[in-house]
file target-v9.cif (mmCIF, C-alpha atoms)
data_my_file
loop_
_atom_site.label_atom_id
_atom_site.label_comp_id
_atom_site.auth_asym_id
_atom_site.auth_seq_id
_atom_site.Cartn_x
_atom_site.Cartn_y
_atom_site.Cartn_z
CA MET A 46 -16.79 -15.40 -52.42
CA ASN A 47 -16.98 -13.99 -55.93
CA LEU A 48 -18.16 -16.92 -57.99
CA ASP A 49 -17.66 -15.07 -61.28
CA ASN A 50 -13.98 -14.82 -60.56
CA TYR A 51 -13.75 -18.34 -59.19
CA ASP A 52 -13.59 -20.16 -62.52
CA LYS A 53 -11.26 -17.57 -63.97
CA ILE A 54 -8.95 -17.84 -61.00
CA GLU A 55 -8.99 -21.66 -61.15
CA ALA A 56 -8.19 -21.58 -64.86
CA TYR A 57 -5.38 -19.08 -64.27
CA LEU A 58 -3.83 -21.02 -61.40
CA PHE A 59 -4.04 -24.34 -63.26
CA ASP A 60 -2.55 -22.80 -66.39
CA LEU A 61 -5.65 -23.46 -68.48
CA LEU A 62 -5.86 -20.02 -70.07
CA ASP A 63 -4.44 -19.42 -73.52
CA GLU A 64 -1.79 -16.75 -74.02
CA LYS A 65 -4.20 -13.94 -74.75
CA GLU A 66 -6.55 -14.77 -71.85
CA ARG A 67 -3.60 -15.04 -69.51
CA ALA A 68 -2.21 -11.66 -70.53
CA THR A 69 -5.65 -10.06 -70.06
CA PHE A 70 -6.08 -11.58 -66.63
CA GLU A 71 -2.61 -10.54 -65.47
CA ALA A 72 -3.28 -7.01 -66.64
CA GLU A 73 -6.43 -7.03 -64.49
CA LEU A 74 -4.45 -8.33 -61.53
CA LYS A 75 -2.03 -5.42 -61.69
CA LYS A 76 -4.90 -2.92 -61.47
CA ASP A 77 -7.17 -4.74 -59.01
CA ASP A 78 -5.80 -5.36 -55.48
CA LYS A 79 -8.98 -7.11 -54.46
CA LEU A 80 -8.66 -9.56 -57.34
CA LYS A 81 -5.01 -10.03 -56.47
CA ALA A 82 -5.89 -10.87 -52.87
CA GLU A 83 -8.59 -13.27 -54.12
CA VAL A 84 -6.09 -15.06 -56.36
CA ASN A 85 -3.56 -15.28 -53.53
CA LEU A 86 -6.19 -16.63 -51.14
CA HIS A 87 -7.17 -19.19 -53.72
CA ARG A 88 -3.51 -20.15 -54.07
CA LEU A 89 -3.15 -20.65 -50.34
CA GLU A 90 -6.32 -22.74 -50.19
CA GLN A 91 -5.03 -24.98 -52.98
CA GLN A 92 -1.69 -25.30 -51.24
CA ALA A 93 -3.41 -26.22 -47.95
CA ILE A 94 -5.49 -28.92 -49.63
CA LYS A 95 -2.39 -30.30 -51.37
CA LEU A 96 -0.55 -30.35 -48.04
CA GLN A 97 -3.47 -32.17 -46.45
CA GLU A 98 -3.33 -34.84 -49.12
CA GLU A 99 0.42 -35.25 -48.62
CA GLN A 100 -0.10 -35.51 -44.85
CA ASN A 101 -2.54 -38.35 -45.44
CA LEU A 102 -0.03 -40.11 -47.67
CA ARG A 103 2.77 -39.65 -45.15
CA ALA A 104 0.61 -41.31 -42.53
CA GLN A 105 0.15 -44.19 -44.96
CA PHE A 106 3.91 -44.35 -45.57
CA ALA A 107 4.44 -44.58 -41.80
CA GLU A 108 2.21 -47.67 -41.72
CA TRP A 109 4.06 -49.25 -44.63
CA LYS A 110 7.39 -48.46 -43.01
CA GLN A 111 6.23 -50.33 -39.91
CA GLU A 112 5.12 -53.24 -42.07
CA LYS A 113 8.50 -53.28 -43.81
CA LYS A 114 10.25 -53.25 -40.46
CA SER A 115 8.12 -56.15 -39.17
CA ASN A 116 8.84 -58.17 -42.30
CA THR A 117 12.58 -57.55 -41.90
CA GLU A 118 12.46 -58.59 -38.23
CA ILE A 119 10.63 -61.81 -39.06
CA ALA A 120 13.15 -62.60 -41.79
CA SER A 121 16.14 -62.01 -39.52
CA GLU A 122 14.59 -64.02 -36.63
CA ALA A 123 14.23 -66.98 -38.96
CA LYS A 124 17.99 -67.06 -39.38
CA VAL A 125 18.60 -69.15 -36.24
CA VAL A 126 21.09 -71.71 -37.47
CA SER A 127 24.60 -70.68 -38.44
CA MET A 128 25.53 -71.65 -41.99
CA LYS A 129 29.12 -72.39 -41.12
CA PRO A 130 29.39 -75.81 -39.38
CA THR A 131 31.51 -75.96 -36.23
CA ARG A 132 34.35 -78.41 -36.07
CA ARG A 133 32.43 -80.60 -33.62
CA SER A 134 29.26 -80.72 -35.69
CA LEU A 135 31.38 -81.47 -38.78
CA PHE A 136 32.89 -84.49 -36.99
CA TYR A 137 29.45 -85.78 -36.07
CA ARG A 138 28.18 -85.24 -39.59
CA LEU A 139 31.10 -87.09 -41.09
CA SER A 140 30.67 -89.93 -38.58
CA ALA A 141 27.00 -90.22 -39.42
CA ALA A 142 27.77 -90.22 -43.14
CA ALA A 143 30.42 -92.91 -42.68
CA SER A 144 28.00 -95.07 -40.67
CA VAL A 145 25.34 -94.77 -43.32
CA LEU A 146 27.86 -95.66 -45.98
CA LEU A 147 29.00 -98.71 -44.01
CA VAL A 148 25.48 -99.98 -43.56
CA LEU A 149 24.68 -99.40 -47.22
CA SER A 150 27.84 -101.19 -48.29
CA ALA A 151 27.19 -104.16 -46.05
CA GLY A 152 23.65 -104.34 -47.30
CA THR A 153 24.78 -104.18 -50.89
CA PHE A 154 27.32 -106.95 -50.38
CA TRP A 155 24.72 -109.12 -48.69
CA TRP A 156 22.20 -108.58 -51.44
CA ALA A 157 24.72 -109.23 -54.19
CA ASN A 158 25.78 -112.43 -52.53
CA THR A 159 22.28 -113.74 -51.98
CA THR A 160 21.25 -112.87 -55.52
CA TYR A 161 24.25 -113.20 -57.77
CA ASN A 162 26.59 -115.79 -56.33
CA ASN A 163 26.83 -119.17 -58.12
CA GLN A 164 24.79 -121.16 -55.65
CA ALA A 165 22.06 -118.52 -55.53
CA LEU A 166 21.77 -118.36 -59.32
CA ALA A 167 21.78 -122.14 -59.63
CA ASP A 168 19.18 -122.60 -56.89
CA ALA A 169 16.89 -120.08 -58.58
CA ALA A 170 17.24 -121.68 -62.01
CA PHE A 171 17.35 -125.37 -61.09
CA GLU A 172 14.22 -127.24 -62.06
CA PHE A 173 12.96 -130.29 -60.21
CA SER A 174 11.46 -132.99 -62.39
CA SER A 175 7.67 -133.37 -62.65
CA ASN A 176 5.85 -135.98 -60.57
CA ASP A 177 3.97 -137.02 -63.68
CA ARG A 178 6.46 -139.14 -65.47
CA SER A 179 4.17 -141.50 -67.28
CA ASN A 180 6.17 -141.08 -70.49
CA ALA A 181 9.51 -141.13 -68.79
CA SER A 182 12.21 -143.28 -70.27
CA THR A 183 14.67 -142.66 -67.50
CA ALA A 184 14.00 -144.34 -64.28
CA THR A 185 12.39 -142.03 -61.82
CA SER A 186 15.20 -142.72 -59.46
CA ASP A 187 17.93 -141.16 -61.74
CA PHE A 188 16.32 -137.75 -61.79
CA GLU A 189 15.46 -138.02 -58.13
CA LEU A 190 19.00 -139.14 -57.30
CA ALA A 191 20.49 -136.23 -59.21
CA GLU A 192 18.09 -133.77 -57.58
CA GLN A 193 18.88 -135.17 -54.15
CA ALA A 194 22.62 -134.93 -54.82
CA PHE A 195 22.19 -131.27 -55.87
CA THR A 196 20.13 -130.47 -52.80
CA ASP A 197 22.77 -132.11 -50.58
CA GLY A 198 25.48 -130.11 -52.26
CA LYS A 199 27.02 -133.23 -53.78
CA HIS A 200 27.72 -131.49 -57.04
CA LYS A 201 30.09 -134.08 -58.60
CA GLU A 202 27.60 -136.82 -58.02
CA ALA A 203 24.77 -134.81 -59.57
CA ILE A 204 26.98 -133.94 -62.56
CA ASP A 205 27.75 -137.61 -63.19
CA ILE A 206 24.09 -138.64 -63.03
CA TYR A 207 22.98 -135.85 -65.39
CA GLN A 208 25.75 -136.66 -67.88
CA ASN A 209 24.62 -140.29 -67.87
CA ILE A 210 20.99 -139.29 -68.48
CA ILE A 211 22.04 -137.11 -71.44
CA GLU A 212 24.04 -139.96 -73.05
CA THR A 213 21.42 -142.65 -72.61
CA ASN A 214 18.05 -140.90 -72.74
CA SER A 215 16.03 -140.80 -75.96
CA ASN A 216 13.31 -138.48 -74.71
CA PRO A 217 14.17 -134.93 -75.91
CA THR A 218 12.25 -133.21 -73.14
CA GLU A 219 14.06 -135.19 -70.47
CA VAL A 220 17.40 -134.63 -72.16
CA HIS A 221 16.69 -130.87 -72.25
CA LEU A 222 15.90 -130.95 -68.52
CA ALA A 223 19.05 -132.90 -67.78
CA GLU A 224 21.17 -130.47 -69.87
CA TRP A 225 19.63 -127.42 -68.18
CA ASN A 226 20.09 -128.80 -64.67
CA LEU A 227 23.60 -130.01 -65.49
CA ALA A 228 24.60 -126.43 -66.41
CA ASN A 229 23.15 -125.21 -63.12
CA VAL A 230 24.93 -127.84 -61.11
CA GLN A 231 28.19 -126.89 -62.89
CA LEU A 232 27.52 -123.32 -61.82
CA ALA A 233 26.84 -124.31 -58.23
CA ALA A 234 30.03 -126.38 -58.25
CA GLY A 235 32.01 -123.28 -59.25
CA ASN A 236 32.68 -124.46 -62.80
CA THR A 237 31.55 -121.09 -64.15
CA ALA A 238 33.32 -121.36 -67.51
CA THR A 239 31.84 -124.79 -68.22
CA ALA A 240 28.41 -123.61 -67.12
CA LYS A 241 28.66 -120.59 -69.45
CA LEU A 242 29.56 -122.82 -72.38
CA SER A 243 26.63 -125.17 -71.70
CA LEU A 244 24.19 -122.31 -71.24
CA GLY A 245 25.52 -120.68 -74.40
CA ARG A 246 24.79 -123.81 -76.44
CA ILE A 247 21.28 -124.07 -74.96
CA ALA A 248 20.57 -120.38 -75.62
CA GLU A 249 21.52 -120.84 -79.31
CA ASP A 250 19.28 -123.89 -79.77
CA GLU A 251 15.85 -122.59 -80.83
CA ALA A 252 14.32 -126.02 -80.31
CA HIS A 253 15.61 -126.33 -76.76
CA THR A 254 12.97 -126.26 -74.05
CA TYR A 255 15.20 -124.06 -71.90
CA GLN A 256 16.47 -121.70 -74.62
CA GLU A 257 14.76 -118.61 -73.15
CA ALA A 258 15.77 -119.50 -69.60
CA ALA A 259 19.39 -119.84 -70.68
CA ALA A 260 19.28 -116.54 -72.54
CA GLU A 261 18.00 -114.89 -69.34
CA LEU A 262 20.58 -116.50 -67.08
CA LEU A 263 23.68 -115.84 -69.15
CA PRO A 264 23.78 -112.02 -68.70
CA LYS A 265 23.54 -112.52 -64.94
CA LEU A 266 26.77 -114.46 -65.06
CA ASN A 267 28.42 -111.36 -66.52
CA SER A 268 26.73 -108.90 -64.15
CA PHE A 269 28.71 -106.17 -62.31
CA TRP A 270 27.18 -107.37 -59.03
CA ARG A 271 29.04 -110.71 -59.27
CA LYS A 272 32.24 -108.78 -58.52
CA LEU A 273 30.86 -108.24 -55.00
CA THR A 274 30.07 -111.93 -54.47
CA VAL A 275 32.03 -114.69 -52.83
CA ASN A 276 31.97 -117.80 -55.01
CA MET B 224 8.52 -62.33 -52.26
CA GLU B 225 5.36 -60.19 -52.94
CA ARG B 226 3.94 -60.43 -56.39
CA ASN B 227 3.66 -57.06 -58.15
CA LEU B 228 0.07 -56.19 -59.00
CA TYR B 229 0.88 -53.40 -61.43
CA ASP B 230 3.19 -53.29 -64.41
CA GLU B 231 4.80 -49.95 -65.32
CA ARG B 232 1.88 -48.74 -67.40
CA GLN B 233 -0.66 -49.79 -64.78
CA LEU B 234 1.30 -47.95 -62.08
CA ILE B 235 0.77 -44.70 -63.94
CA THR B 236 -2.93 -45.42 -64.52
CA ALA B 237 -3.49 -46.30 -60.87
CA ILE B 238 -1.71 -43.19 -59.57
CA LYS B 239 -3.71 -40.95 -61.92
CA SER B 240 -7.00 -42.71 -61.23
CA GLY B 241 -8.17 -40.59 -58.32
CA ASP B 242 -9.24 -43.81 -56.61
CA ASP B 243 -7.58 -44.02 -53.19
CA LYS B 244 -7.40 -47.81 -53.16
CA GLN B 245 -5.75 -48.03 -56.57
CA GLN B 246 -3.41 -45.17 -55.93
CA ASN B 247 -2.35 -46.53 -52.55
CA GLY B 248 -1.85 -49.97 -54.06
CA ALA B 249 0.48 -48.55 -56.70
CA LEU B 250 2.39 -46.34 -54.27
CA ARG B 251 2.75 -49.21 -51.81
CA GLN B 252 4.14 -51.43 -54.54
CA LEU B 253 6.80 -48.82 -55.30
CA TYR B 254 7.54 -48.27 -51.62
CA MET B 255 7.96 -51.99 -50.93
CA ASP B 256 10.07 -52.63 -54.03
CA LYS B 257 13.25 -54.27 -52.76
CA VAL B 258 15.30 -53.52 -55.86
CA ILE B 259 14.55 -49.81 -55.61
CA THR B 260 15.30 -49.86 -51.88
CA LEU B 261 18.65 -51.56 -52.48
CA LYS B 262 19.59 -49.04 -55.16
CA ILE B 263 18.75 -46.19 -52.81
CA LYS B 264 20.86 -47.75 -50.06
CA ASP B 265 23.76 -47.98 -52.53
CA PHE B 266 23.40 -44.29 -53.33
CA ILE B 267 23.21 -43.40 -49.63
CA GLN B 268 26.44 -45.27 -49.05
CA HIS B 269 28.06 -43.64 -52.05
CA TYR B 270 27.00 -40.04 -51.47
CA GLY B 271 26.39 -40.10 -47.75
CA THR B 272 23.33 -38.62 -46.04
CA LYS B 273 21.84 -38.77 -42.60
CA HIS B 274 18.43 -39.71 -44.03
CA ASP B 275 17.44 -43.36 -44.31
CA ALA B 276 16.29 -45.11 -47.45
CA ASP B 277 12.63 -45.00 -46.41
CA ASP B 278 12.66 -41.21 -45.97
CA ILE B 279 14.26 -40.80 -49.39
CA MET B 280 11.81 -43.24 -50.92
CA GLN B 281 8.82 -41.34 -49.46
CA GLU B 282 9.90 -38.01 -50.86
CA GLY B 283 10.80 -39.59 -54.18
CA ILE B 284 7.43 -41.26 -54.48
CA LEU B 285 5.59 -38.04 -53.61
CA LEU B 286 7.48 -36.19 -56.35
CA MET B 287 6.91 -39.01 -58.81
CA ARG B 288 3.22 -38.90 -57.96
CA ARG B 289 3.09 -35.17 -58.56
CA LEU B 290 4.66 -35.58 -61.99
CA ILE B 291 2.19 -38.27 -62.94
CA GLN B 292 -0.90 -36.47 -61.61
CA GLU B 293 0.09 -33.23 -63.31
CA ASP B 294 0.35 -35.19 -66.56
CA LYS B 295 4.01 -34.36 -66.85
CA PHE B 296 5.20 -37.97 -66.79
CA SER B 297 4.09 -40.25 -69.56
CA GLY B 298 7.08 -42.62 -69.86
CA ASN B 299 5.27 -45.91 -70.01
CA SER B 300 8.14 -48.13 -69.05
CA LYS B 301 10.39 -46.11 -66.83
CA VAL B 302 8.44 -45.38 -63.67
CA ARG B 303 10.74 -47.40 -61.41
CA THR B 304 13.89 -46.20 -63.13
CA PHE B 305 12.76 -42.60 -62.93
CA LEU B 306 11.92 -42.99 -59.28
CA ILE B 307 15.44 -44.30 -58.64
CA GLY B 308 16.79 -41.28 -60.51
CA ILE B 309 14.68 -38.87 -58.44
CA CYS B 310 15.85 -40.52 -55.22
CA ARG B 311 19.48 -40.26 -56.34
CA ASN B 312 18.96 -36.55 -56.92
CA LEU B 313 17.34 -36.12 -53.52
CA ILE B 314 20.24 -37.88 -51.83
CA ARG B 315 22.78 -35.68 -53.59
CA GLY B 316 20.74 -32.66 -52.54
CA ASP B 317 20.55 -34.00 -48.97
CA LEU B 318 16.78 -34.30 -49.17
CA LYS B 319 16.04 -30.60 -49.44
CA LYS B 320 12.36 -29.73 -49.74
CA VAL B 321 11.15 -29.40 -53.30
CA THR B 322 8.51 -26.87 -54.28
CA ARG B 323 8.29 -27.69 -57.94
CA VAL B 324 9.15 -30.72 -60.04
CA ASP B 325 9.16 -30.82 -63.80
CA LEU B 326 10.49 -32.80 -66.70
CA LYS B 327 12.62 -31.67 -69.60
CA GLY B 328 13.67 -33.57 -72.67
CA ASP B 329 12.58 -36.95 -73.96
CA PHE B 330 13.99 -39.77 -71.91
CA THR B 331 11.88 -42.63 -73.29
CA ALA B 332 14.60 -43.81 -75.67
CA ILE B 333 17.46 -43.77 -73.18
CA ASP B 334 18.45 -46.99 -71.41
CA ASN B 335 17.81 -47.37 -67.67
CA ASP B 336 21.39 -47.13 -66.40
CA ASN B 337 22.10 -44.00 -68.40
CA LEU B 338 18.80 -42.47 -67.33
CA VAL B 339 19.65 -42.83 -63.64
CA GLU B 340 23.18 -41.58 -64.22
CA ASN B 341 22.05 -38.55 -66.24
CA ILE B 342 18.79 -37.80 -64.45
CA ASP B 343 19.72 -34.10 -64.15
CA ASP B 344 19.31 -33.78 -67.90
CA TYR B 345 15.66 -34.76 -67.64
CA LEU B 346 14.51 -33.72 -64.21
CA PHE B 347 14.00 -30.24 -62.85
CA LEU B 348 13.64 -29.84 -59.10
CA GLU B 349 13.07 -26.41 -57.68
CA GLU B 350 14.14 -26.21 -54.09
CA GLN B 351 11.60 -24.78 -51.69
CA THR B 352 12.55 -21.42 -50.24
CA ALA B 353 12.57 -20.73 -46.53
CA THR B 354 9.53 -18.49 -47.02
CA GLU B 355 7.60 -21.26 -48.73
CA THR B 356 8.53 -23.70 -45.95
CA LYS B 357 7.27 -21.19 -43.38
CA ARG B 358 4.04 -20.75 -45.35
CA ASP B 359 3.45 -24.52 -45.48
CA ASN B 360 4.06 -24.96 -41.77
CA ILE B 361 1.48 -22.26 -41.01
CA LEU B 362 -1.06 -23.83 -43.37
CA LYS B 363 -0.59 -27.21 -41.69
CA THR B 364 -1.45 -25.77 -38.31
CA LEU B 365 -4.57 -24.12 -39.77
CA LEU B 366 -5.67 -27.41 -41.29
CA GLU B 367 -5.58 -29.00 -37.86
CA GLN B 368 -8.29 -26.55 -36.84
CA LEU B 369 -10.68 -28.01 -39.39
CA THR B 370 -12.65 -31.12 -38.54
CA GLU B 371 -11.76 -34.41 -40.16
CA LYS B 372 -15.04 -34.32 -42.14
CA CYS B 373 -14.27 -30.83 -43.42
CA ARG B 374 -10.83 -31.85 -44.57
CA GLU B 375 -12.33 -34.87 -46.30
CA SER B 376 -14.94 -32.74 -48.13
CA LEU B 377 -12.31 -30.31 -49.37
CA LYS B 378 -10.06 -33.13 -50.53
CA LEU B 379 -12.90 -34.80 -52.45
CA LYS B 380 -13.95 -31.59 -54.15
CA TYR B 381 -10.70 -29.78 -54.84
CA TYR B 382 -8.18 -32.57 -55.00
CA LYS B 383 -10.13 -35.53 -56.31
CA ASP B 384 -12.46 -33.32 -58.37
CA LYS B 385 -15.50 -35.39 -57.37
CA THR B 386 -19.03 -34.31 -58.19
CA MET B 387 -21.42 -33.33 -55.43
CA VAL B 388 -23.30 -36.59 -55.93
CA GLN B 389 -20.09 -38.55 -55.38
CA ILE B 390 -19.19 -36.45 -52.35
CA ALA B 391 -22.66 -37.01 -50.86
CA GLU B 392 -22.18 -40.76 -51.27
CA ALA B 393 -18.65 -40.76 -49.86
CA ARG B 394 -19.64 -38.57 -46.90
CA GLN B 395 -22.94 -40.38 -46.41
CA LEU B 396 -24.95 -37.19 -46.86
CA LYS B 397 -28.58 -37.16 -48.01
CA ASN B 398 -28.06 -35.58 -51.42
CA ALA B 399 -25.84 -33.41 -53.65
CA ASN B 400 -27.34 -30.24 -52.17
CA GLN B 401 -26.21 -31.18 -48.69
CA ALA B 402 -22.78 -32.09 -50.05
CA LYS B 403 -22.51 -28.65 -51.69
CA LYS B 404 -23.46 -26.92 -48.47
CA ALA B 405 -20.89 -28.97 -46.56
CA VAL B 406 -18.14 -28.21 -49.08
CA ASP B 407 -18.96 -24.48 -49.22
CA ARG B 408 -19.08 -24.27 -45.41
CA CYS B 409 -15.71 -26.01 -45.05
CA ARG B 410 -14.12 -23.93 -47.73
CA GLN B 411 -15.31 -20.74 -46.13
CA ARG B 412 -13.93 -21.92 -42.79
CA LEU B 413 -10.51 -22.51 -44.36
CA ARG B 414 -10.57 -19.14 -46.12
CA ASP B 415 -11.47 -17.40 -42.86
CA LEU B 416 -8.61 -19.13 -41.05
CA ILE B 417 -6.15 -18.06 -43.76
CA GLN B 418 -7.39 -14.48 -43.86
CA GLN B 419 -7.28 -14.18 -40.07
CA GLU B 420 -3.73 -15.50 -39.80
CA PRO B 421 -1.40 -12.51 -39.48
CA GLN B 422 1.66 -14.47 -40.63
CA LEU B 423 -0.03 -15.06 -43.97
CA ALA B 424 -0.96 -11.39 -44.54
CA ASP B 425 2.01 -10.73 -46.80
CA PHE B 426 1.21 -13.80 -48.86
CA LEU B 427 -2.31 -12.51 -49.40
CA LYS B 428 -1.01 -9.11 -50.46
CA GLY B 429 1.27 -10.79 -52.90
CA THR B 430 4.37 -9.22 -51.52
CA LEU B 431 5.81 -12.68 -50.86
#
call {"tool": "encode", "arguments": {"input": "target-v9.cif", "output": "structure tokens"}}
result
Amino acid sequence: MNLDNYDKIEAYLFDLLDEKERATFEAELKKDDKLKAEVNLHRLEQQAIKLQEEQNLRAQFAEWKQEKKSNTEIASEAKVVSMKPTRRSLFYRLSAAASVLLVLSAGTFWWANTTYNNQALADAAFEFSSNDRSNASTATSDFELAEQAFTDGKHKEAIDIYQNIIETNSNPTEVHLAEWNLANVQLAAGNTATAKLSLGRIAEDEAHTYQEAAAELLPKLNSFWRKLTVN
Amino acid sequence: MERNLYDERQLITAIKSGDDKQQNGALRQLYMDKVITLKIKDFIQHYGTKHDADDIMQEGILLMRRLIQEDKFSGNSKVRTFLIGICRNLIRGDLKKVTRVDLKGDFTAIDNDNLVENIDDYLFLEEQTATETKRDNILKTLLEQLTEKCRESLKLKYYKDKTMVQIAEARQLKNANQAKKAVDRCRQRLRDLIQQEPQLADFLKGTL
């Protein structure tokens, strides 16, 4: 191997010579068959090494192709279920949906009724008188009688007793209690309009013991859920 | 979906790097790119060819790599688009072997769709002659007569342009001197094989 020529040949083959150098070298090539053969040998060596590199890459591509193929197979195996429902499965799906809807509806009706019907609202709001009635002006028995009548569902009786307490009692706290419970009994009795009026008056009275309670109860009487109740 | 490791600029850097891991990473990313694969499949359907998308992709990537490593491609945002354009050209040419690839004109300003459509204006592909194909086939058989270690030494020296110190490290040789001896020995072996091959005689004379 002629090492002096090696660098020159490399530079020539890789196009690193300037115009003048290139022309000089090519002139030498025309005259020197040995140099020509050396250049051609060099060319073939370079081509062989380039081919070797490409062979290595092609082997790599073959591996990646296999990997791509495996990934595609996994993806297509995962598609087990058909997207288009059959008529039979559609029927079952619709039946299941209808059943769920029925249960939800029944549940909703039940909840609305136990929460928003007149009796339920009245029971939740009704207040039983305190045991400590040392300052009471109304006989213990009147409040107790009214409360008993309410509990027994004897709404008219309870209304009468509470109206009497309101007319005759001089104790504001007791009057407020009687007014509040009267409104609730009216509600339980189904006299919704009357109950609303009473509660409205209480809610507007800043001095009333049950002003806040009335303000809370009133919107419930206008709630959407009361449309689902049986009163 | 796989996350791309390299952006367009990094693809070029990785392919030029001379580092096998980086280069393979970049080439693999291009090869696995689903958008490119779909585009190629569209072209195959449109123009018709017996070759599959993977074959086209391989040849396209090898040409793209050559352009980048020969410092002919410097478009910093059009690697994928250019690759699609090359593949389109290969499909239209029915995947004929290419001996030389070159660029002409400045394509950096053109938009991607127009680049692919008008790739002929920017890409020069010289088809390999039958003689060149014959030459390459002969060289491949000669390479098989070299040992794996020899082929590796030659690749490191003449393709990767590594120093003898680097070759010694890669080949687990004692020192640079031993690496040089190994490289020289392998090179001489290859030269002898070429010179002794009668079918390559005309190539050596320069008559082909």
call {"tool": "resolve_selection", "arguments": {"input": "target-v9.cif", "expression": "the PyMOL selection byres ((chain A) within 6 of (chain B))", "output": "list in words"}}
result
Ala82, Asn85, Leu86 and Ala93 of chain A
call {"tool": "atom_distance", "arguments": {"input": "target-v9.cif", "atom1": "atom CA of A:His253", "atom2": "atom CA of A:Pro217"}}
result
8.8 Å
call {"tool": "atom_distance", "arguments": {"input": "target-v9.cif", "atom1": "atom CA of B:Thr331", "atom2": "atom CA of B:Ile307"}}
result
15.2 Å
call {"tool": "resolve_selection", "arguments": {"input": "target-v9.cif", "expression": "the PyMOL selection byres ((chain A and resi 257) around 12)", "output": "PyMOL selection string"}}
result
chain A and resi 170+225+244-256+258-263
call {"tool": "closest_residue", "arguments": {"input": "target-v9.cif", "among": "B:Lys319, B:Lys404, B:Lys385, B:Lys301", "to": "B:Glu231", "atoms": "all atoms listed in the file"}}
result
B:Lys301
call {"tool": "atom_distance", "arguments": {"input": "target-v9.cif", "atom1": "atom CA of A:Leu227", "atom2": "atom CA of A:Ile204"}}
result
6.0 Å
call {"tool": "resolve_selection", "arguments": {"input": "target-v9.cif", "expression": "the PyMOL selection byres ((chain B and resi 309) around 10)", "output": "JSON, numbers by chain"}}
result
{"B": [279, 280, 282, 283, 284, 286, 287, 303, 304, 305, 306, 307, 308, 310, 311, 312, 313, 314, 315, 324, 339, 342, 343, 346, 347, 348]}
call {"tool": "residues_around", "arguments": {"input": "target-v9.cif", "residues": "A:Lys265", "least_positions_apart": "4", "cutoff": "10 Å", "atoms": "all atoms listed in the file", "output": "mmCIF file with C-alpha atoms, in the coordinates of the input"}}
result
data_model
loop_
_atom_site.group_PDB
_atom_site.id
_atom_site.type_symbol
_atom_site.label_atom_id
_atom_site.label_comp_id
_atom_site.auth_asym_id
_atom_site.auth_seq_id
_atom_site.Cartn_x
_atom_site.Cartn_y
_atom_site.Cartn_z
ATOM 1 C CA THR A 160 21.250 -112.870 -55.520
ATOM 2 C CA TYR A 161 24.250 -113.200 -57.770
ATOM 3 C CA ASN A 162 26.590 -115.790 -56.330
ATOM 4 C CA LEU A 166 21.770 -118.360 -59.320
ATOM 5 C CA ALA A 260 19.280 -116.540 -72.540
ATOM 6 C CA GLU A 261 18.000 -114.890 -69.340
ATOM 7 C CA PHE A 269 28.710 -106.170 -62.310
ATOM 8 C CA TRP A 270 27.180 -107.370 -59.030
ATOM 9 C CA ARG A 271 29.040 -110.710 -59.270
#
call {"tool": "closest_residue", "arguments": {"input": "target-v9.cif", "among": "B:Lys295, B:Lys257, B:Val302, B:Thr352", "to": "B:Asp230", "atoms": "only C-alpha atoms"}}
result
B:Val302
call {"tool": "closest_residue", "arguments": {"input": "target-v9.cif", "among": "B:Ile390, B:Ile259, B:Ile291, B:Ile267", "to": "B:Ala237", "atoms": "only C-alpha atoms"}}
result
B:Ile291
call {"tool": "residues_near_point", "arguments": {"input": "target-v9.cif", "point": "(-18.5, -33.8, -47.1)", "cutoff": "6 Å", "atoms": "all atoms listed in the file", "output": "VMD selection string"}}
result
chain B and resid 376 390 394 402 405 to 406
